[in-house]
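Heads up, run-v7.csv below (CSV, C-alpha atoms and all ligand atoms):
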chain,number,residue,atom,x,y,z
A,1,MET,CA,-213.4,-55.6,225.4
A,2,ASP,CA,-211.7,-52.3,226.2
A,3,GLN,CA,-208.4,-54.1,226.5
A,4,THR,CA,-208.8,-55.7,223.1
A,5,ARG,CA,-209.6,-52.3,221.5
A,6,ARG,CA,-206.5,-50.7,223.2
A,7,ASP,CA,-204.4,-53.7,222.0
A,8,LEU,CA,-205.7,-53.3,218.5
A,9,LEU,CA,-204.9,-49.5,218.5
A,10,GLU,CA,-201.4,-50.1,219.9
A,11,ALA,CA,-200.7,-52.7,217.2
A,12,GLY,CA,-202.0,-50.3,214.5
A,13,TRP,CA,-199.7,-47.5,215.7
A,14,THR,CA,-196.8,-49.9,215.9
A,15,VAL,CA,-197.3,-51.2,212.4
A,16,GLY,CA,-198.0,-47.7,211.0
A,17,GLY,CA,-194.9,-46.3,212.7
A,18,GLY,CA,-192.8,-49.2,211.4
A,19,LEU,CA,-194.1,-48.5,207.9
A,20,LEU,CA,-193.2,-44.8,208.2
A,21,ILE,CA,-189.7,-45.6,209.3
A,22,ALA,CA,-189.3,-48.1,206.5
A,23,ALA,CA,-190.5,-45.6,203.9
A,24,ALA,CA,-188.2,-42.9,205.3
A,25,GLY,CA,-185.2,-45.3,205.2
A,26,TRP,CA,-186.0,-46.4,201.7
A,27,THR,CA,-186.3,-42.8,200.5
A,28,SER,CA,-183.0,-41.9,202.0
A,29,PHE,CA,-181.3,-45.0,200.6
A,30,VAL,CA,-182.6,-44.3,197.1
A,31,ALA,CA,-181.5,-40.6,197.3
A,32,LEU,CA,-178.0,-41.4,198.6
A,33,LYS,CA,-177.0,-44.8,197.2
A,34,PRO,CA,-174.1,-44.9,194.9
A,35,LEU,CA,-175.0,-45.2,191.3
A,36,ALA,CA,-173.7,-48.5,189.8
A,37,SER,CA,-173.0,-46.7,186.6
A,38,ALA,CA,-173.7,-43.5,184.7
A,39,GLY,CA,-176.4,-43.5,182.0
A,40,GLY,CA,-174.6,-45.9,179.6
A,41,GLY,CA,-177.4,-46.3,177.1
A,42,GLY,CA,-177.0,-44.7,173.7
A,43,VAL,CA,-177.9,-41.5,171.9
A,44,LEU,CA,-180.8,-39.7,173.6
A,45,PRO,CA,-182.7,-37.1,171.6
A,46,LEU,CA,-183.4,-33.9,173.7
A,47,LEU,CA,-185.1,-30.6,173.0
A,48,GLU,CA,-183.7,-27.8,170.8
A,49,PRO,CA,-180.7,-26.1,172.3
A,50,ASP,CA,-182.6,-22.9,173.0
A,51,ALA,CA,-184.9,-24.8,175.4
A,52,TYR,CA,-182.0,-24.8,177.9
A,53,PRO,CA,-181.5,-21.2,179.0
A,54,GLU,CA,-178.4,-19.7,180.7
A,55,GLY,CA,-178.2,-20.8,184.4
A,56,SER,CA,-180.6,-23.8,184.0
A,57,ALA,CA,-180.0,-27.4,184.9
A,58,THR,CA,-182.4,-29.9,183.4
A,59,PHE,CA,-182.3,-33.5,184.7
A,60,VAL,CA,-182.6,-36.2,182.1
A,61,ARG,CA,-183.8,-39.2,184.1
A,62,GLN,CA,-183.2,-41.7,181.3
A,63,GLY,CA,-179.5,-40.8,181.0
A,64,ARG,CA,-179.0,-40.0,184.7
A,65,LEU,CA,-177.5,-36.7,183.6
A,66,PHE,CA,-178.1,-33.0,183.7
A,67,ILE,CA,-178.1,-30.6,180.8
A,68,THR,CA,-176.8,-27.2,181.9
A,69,ARG,CA,-176.0,-24.0,180.2
A,70,THR,CA,-173.4,-21.8,181.7
A,71,GLY,CA,-171.1,-19.2,180.1
A,72,GLY,CA,-173.2,-19.7,177.0
A,73,GLU,CA,-172.1,-23.3,176.6
A,74,LEU,CA,-174.2,-26.5,177.0
A,75,HIS,CA,-173.0,-29.3,179.1
A,76,ALA,CA,-174.2,-32.9,179.6
A,77,ILE,CA,-173.1,-33.8,183.1
A,78,SER,CA,-173.3,-37.3,184.6
A,79,GLN,CA,-175.2,-37.4,187.9
A,80,LYS,CA,-172.7,-39.8,189.4
A,81,CYS,CA,-170.2,-38.2,191.8
A,82,PRO,CA,-166.5,-38.9,190.7
A,83,HIS,CA,-165.7,-39.5,194.4
A,84,LEU,CA,-167.6,-42.5,195.5
A,85,GLY,CA,-170.5,-42.6,193.1
A,86,CYS,CA,-173.4,-40.9,195.0
A,87,ALA,CA,-176.1,-39.2,192.9
A,88,VAL,CA,-175.4,-35.5,192.9
A,89,PRO,CA,-178.3,-33.1,192.8
A,90,PHE,CA,-178.3,-29.6,191.4
A,91,CYS,CA,-179.0,-26.9,193.9
A,92,GLU,CA,-181.2,-24.2,192.3
A,93,SER,CA,-180.3,-21.5,194.9
A,94,SER,CA,-176.6,-21.8,194.7
A,95,GLY,CA,-176.5,-22.8,191.0
A,96,GLN,CA,-174.0,-25.6,191.8
A,97,PHE,CA,-173.9,-29.3,192.1
A,98,GLU,CA,-173.7,-30.3,195.8
A,99,CYS,CA,-172.9,-33.9,196.7
A,100,PRO,CA,-175.0,-35.0,199.7
A,101,CYS,CA,-172.6,-37.8,200.7
A,102,HIS,CA,-169.2,-36.1,201.5
A,103,GLY,CA,-169.8,-32.5,200.4
A,104,SER,CA,-168.0,-32.1,197.1
A,105,VAL,CA,-169.2,-29.0,195.2
A,106,PHE,CA,-169.1,-28.4,191.5
A,107,ASN,CA,-170.1,-25.5,189.4
A,108,ALA,CA,-172.8,-25.6,186.7
A,109,ALA,CA,-170.3,-26.9,184.2
A,110,GLY,CA,-169.4,-29.8,186.5
A,111,GLU,CA,-166.0,-28.3,187.4
A,112,TRP,CA,-164.7,-29.1,190.9
A,113,ILE,CA,-164.9,-26.3,193.5
A,114,SER,CA,-164.4,-28.1,196.8
A,115,GLY,CA,-164.5,-31.4,198.6
A,116,PRO,CA,-162.9,-34.8,198.3
A,117,SER,CA,-163.8,-35.5,194.6
A,118,PRO,CA,-160.6,-36.3,192.6
A,119,ARG,CA,-161.8,-34.3,189.6
A,120,GLY,CA,-164.8,-32.5,188.0
A,121,MET,CA,-168.0,-34.3,187.2
A,122,ASP,CA,-167.9,-36.6,184.2
A,123,ARG,CA,-169.6,-35.6,181.0
A,124,HIS,CA,-171.2,-36.9,177.9
A,125,PRO,CA,-170.7,-35.6,174.4
A,126,LEU,CA,-173.5,-33.4,172.9
A,127,GLN,CA,-174.3,-32.6,169.3
A,128,VAL,CA,-177.0,-30.8,167.4
A,129,THR,CA,-178.7,-32.6,164.6
A,130,ASP,CA,-181.7,-31.3,162.7
A,131,GLY,CA,-182.1,-28.6,165.3
A,132,ARG,CA,-182.3,-31.0,168.2
A,133,LEU,CA,-179.8,-31.6,170.9
A,134,LEU,CA,-178.5,-35.2,171.1
A,135,VAL,CA,-176.5,-36.6,174.1
A,136,ASN,CA,-174.4,-39.8,173.7
A,137,THR,CA,-174.8,-41.6,177.0
A,138,ALA,CA,-172.6,-44.5,175.8
A,139,VAL,CA,-169.5,-42.2,176.0
A,140,LEU,CA,-168.4,-40.8,179.3
A,141,GLU,CA,-165.6,-38.2,179.3
A,142,GLU,CA,-163.6,-37.9,182.5
A,143,GLY,CA,-164.2,-34.6,184.4
A,144,ALA,CA,-161.7,-31.8,184.3
A,145,PRO,CA,-158.7,-32.1,186.6
A,146,LEU,CA,-158.7,-30.2,189.9
A,147,GLY,CA,-157.7,-26.6,189.5
A,148,SER,CA,-158.5,-26.3,185.8
A,149,ARG,CA,-161.7,-24.4,186.1
A,150,LYS,CA,-162.8,-22.5,183.1
A,151,PHE,CA,-166.3,-21.3,184.3
A,152,ASP,CA,-167.4,-19.3,187.2
A,153,GLY,CA,-167.1,-21.1,190.6
A,154,ARG,CA,-169.1,-18.6,192.7
A,155,ALA,CA,-172.5,-19.6,194.2
A,156,ARG,CA,-175.4,-17.5,193.0
A,157,GLY,CA,-177.1,-17.8,196.4
A,158,PRO,CA,-177.3,-20.0,199.5
A,159,ARG,CA,-176.2,-23.6,199.3
A,160,CYS,CA,-178.6,-26.5,199.7
A,161,THR,CA,-176.2,-28.5,201.8
A,162,THR,CA,-174.5,-27.4,205.0
A,163,GLU,CA,-171.5,-25.2,204.4
A,164,PRO,CA,-168.3,-26.5,206.0
A,165,ALA,CA,-167.2,-24.7,209.1
A,166,ASP,CA,-164.2,-22.3,208.7
B,201,LIG,S1,-169.6,-39.4,196.8
B,201,LIG,FE1,-169.7,-37.3,196.3
B,201,LIG,S2,-168.3,-36.4,197.7
B,201,LIG,FE2,-168.2,-38.5,198.2
Would you mind giving the structure from this file in structure tokens?
Amino acid sequence: MDQTRRDLLEAGWTVGGGLLIAAAGWTSFVALKPLASAGGGGVLPLLEPDAYPEGSATFVRQGRLFITRTGGELHAISQKCPHLGCAVPFCESSGQFECPCHGSVFNAAGEWISGPSPRGMDRHPLQVTDGRLLVNTAVLEEGAPLGSRKFDGRARGPRCTTEPAD
């Protein structure tokens, strides 16, 4: 009887542990997998322009893009890394985009700062109609070439990813 109970508990722990490992693996896969494409839908209506304050980065899930405002200008930046397509998150503490796959870093305007990316992050056109911001996810403009930065490239605080060793 005791043996059966012990066997049952061991089986439960084995199954539970396996499920935890599978869940962790799936979460990592979803976070890091290359995106097949950028948004690629159509025109998405957003909020009024003033809803995006200086220094902010708002993720628009439907378009897989971020709306940022830096240097007083609004930007619609594709989440897909120009290097090998990983989903790039925005790091609130540094105020930069930091790719978790190979370490490319971009400023809040999507301009390249460091890492293996061949250019800045790709962008979608924005327009204001009837006081609302519209982003055209069907059009993807190639990111700025390396070394053509127009906006500030300094981090405003600590990075979310590990800084490369000097
Ligand atoms: S996929 Fe982003 S740096 Fe490689």
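For the choices A:Arg156, A:Arg69, A:Lys80, A:His102, the atom-to-atom distance to Glu142 (chain A) is smallest for A:Lys80 when using only C-alpha atoms.
Considering only C-alpha atoms and all ligand atoms, every residue of the polymer chains approaching ligand LIG 201 (chain B) to 9 Å or closer is listed here: Leu32, Pro34, Lys80, Cys81, Pro82, His83, Leu84, Gly85, Cys86, Ala87, Val88, Glu98, Cys99, Pro100, Cys101, His102, Gly103, Ser104, Val105, Gly115, Pro116 and Ser117 of chain A.
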Non-local contacts of Thr68 (chain A) (6 Å; only C-alpha atoms; under 4 positions in same chain excluded) as a list in words: Ser56, Ala57, Leu74 and His75 of chain A
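Straight-line separation from CA of Gln62 (chain A) to CA of Ser78 (chain A): 11.3 Å.
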Residues near Val128 (chain A), cut-off 9 Å, only C-alpha atoms, skip fewer than 4 positions along chain, as a PyMOL selection string: chain A and resi 48-49+132-135
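CA of Glu111 (chain A) sits 17.7 Å away from CA of Gly157 (chain A).
If you measure from each of A:Val43, A:Ala155, A:Leu9, A:Leu126 to Gly55 (chain A) using all atoms listed in the file, the closest one turns out to be A:Ala155.
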Selection: 9 Å around Leu146 (chain A), all atoms listed in the file, excl. self and same-chain fewer than 6 positions, as a ChimeraX atom specification: /A:111-113,117-120
Keeping only C-alpha atoms, take the residues you just selected and write them out as an mmCIF file, in the coordinates of the input.
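Once written, out06.cif looks like this:
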data_model
loop_
_atom_site.group_PDB
_atom_site.id
_atom_site.type_symbol
_atom_site.label_atom_id
_atom_site.label_comp_id
_atom_site.auth_asym_id
_atom_site.auth_seq_id
_atom_site.Cartn_x
_atom_site.Cartn_y
_atom_site.Cartn_z
ATOM 1 C CA GLU A 111 -166.000 -28.300 187.400
ATOM 2 C CA TRP A 112 -164.700 -29.100 190.900
ATOM 3 C CA ILE A 113 -164.900 -26.300 193.500
ATOM 4 C CA SER A 117 -163.800 -35.500 194.600
ATOM 5 C CA PRO A 118 -160.600 -36.300 192.600
ATOM 6 C CA ARG A 119 -161.800 -34.300 189.600
ATOM 7 C CA GLY A 120 -164.800 -32.500 188.000
#
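In this comparison, which uses all atoms listed in the file, the residue of A:Gly143, A:Pro125, A:Gly41, A:Gly63 approaching Phe106 (chain A) most closely is A:Gly143.
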Between CA of Gln79 (chain A) and CA of Arg64 (chain A) - distance in Å to one decimal: 5.6 Å
File contents for region 42-61 of chain A with N, CA and C atoms as a CSV table (one decimal), in the first residue's frame:
chain,number,residue,atom,x,y,z
A,42,GLY,N,-3.3,46.1,-42.6
A,42,GLY,CA,-3.8,47.2,-43.3
A,42,GLY,C,-3.7,48.4,-42.4
A,43,VAL,N,-4.6,49.4,-42.5
A,43,VAL,CA,-4.6,50.6,-41.7
A,43,VAL,C,-5.2,50.3,-40.3
A,44,LEU,N,-4.4,50.6,-39.3
A,44,LEU,CA,-5.0,50.4,-37.9
A,44,LEU,C,-5.2,51.8,-37.3
A,45,PRO,N,-6.4,52.0,-36.8
A,45,PRO,CA,-6.6,53.3,-36.1
A,45,PRO,C,-6.1,53.2,-34.7
A,46,LEU,N,-5.4,54.2,-34.3
A,46,LEU,CA,-4.8,54.2,-32.9
A,46,LEU,C,-5.4,55.4,-32.1
A,47,LEU,N,-4.8,55.8,-31.1
A,47,LEU,CA,-5.3,56.9,-30.2
A,47,LEU,C,-4.9,58.2,-30.9
A,48,GLU,N,-5.3,59.3,-30.2
A,48,GLU,CA,-4.9,60.6,-30.7
A,48,GLU,C,-3.4,60.8,-30.4
A,49,PRO,N,-2.7,61.6,-31.2
A,49,PRO,CA,-1.2,61.6,-31.1
A,49,PRO,C,-0.7,62.0,-29.7
A,50,ASP,N,-1.4,62.8,-29.0
A,50,ASP,CA,-1.0,63.3,-27.6
A,50,ASP,C,-1.0,62.1,-26.6
A,51,ALA,N,-1.6,61.0,-27.0
A,51,ALA,CA,-1.7,59.9,-26.0
A,51,ALA,C,-0.3,59.1,-26.0
A,52,TYR,N,0.6,59.5,-26.8
A,52,TYR,CA,1.9,58.9,-26.9
A,52,TYR,C,2.9,59.9,-26.4
A,53,PRO,N,3.2,60.0,-25.1
A,53,PRO,CA,4.1,61.1,-24.6
A,53,PRO,C,5.6,60.8,-25.0
A,54,GLU,N,6.4,61.8,-24.9
A,54,GLU,CA,7.8,61.8,-25.1
A,54,GLU,C,8.4,60.6,-24.3
A,55,GLY,N,9.2,59.8,-24.9
A,55,GLY,CA,10.0,58.7,-24.2
A,55,GLY,C,9.2,57.5,-24.1
A,56,SER,N,7.9,57.5,-24.5
A,56,SER,CA,7.1,56.3,-24.4
A,56,SER,C,7.3,55.3,-25.5
A,57,ALA,N,6.9,54.0,-25.3
A,57,ALA,CA,6.9,53.0,-26.4
A,57,ALA,C,5.7,52.2,-26.1
A,58,THR,N,4.7,52.2,-27.0
A,58,THR,CA,3.4,51.5,-26.8
A,58,THR,C,3.4,50.4,-27.8
A,59,PHE,N,3.2,49.2,-27.3
A,59,PHE,CA,3.1,48.0,-28.2
A,59,PHE,C,1.7,47.9,-28.8
A,60,VAL,N,1.6,47.7,-30.1
A,60,VAL,CA,0.3,47.5,-30.7
A,60,VAL,C,0.4,46.1,-31.2
A,61,ARG,N,-0.3,45.2,-30.4
A,61,ARG,CA,-0.2,43.8,-30.7
A,61,ARG,C,-0.7,43.4,-32.1
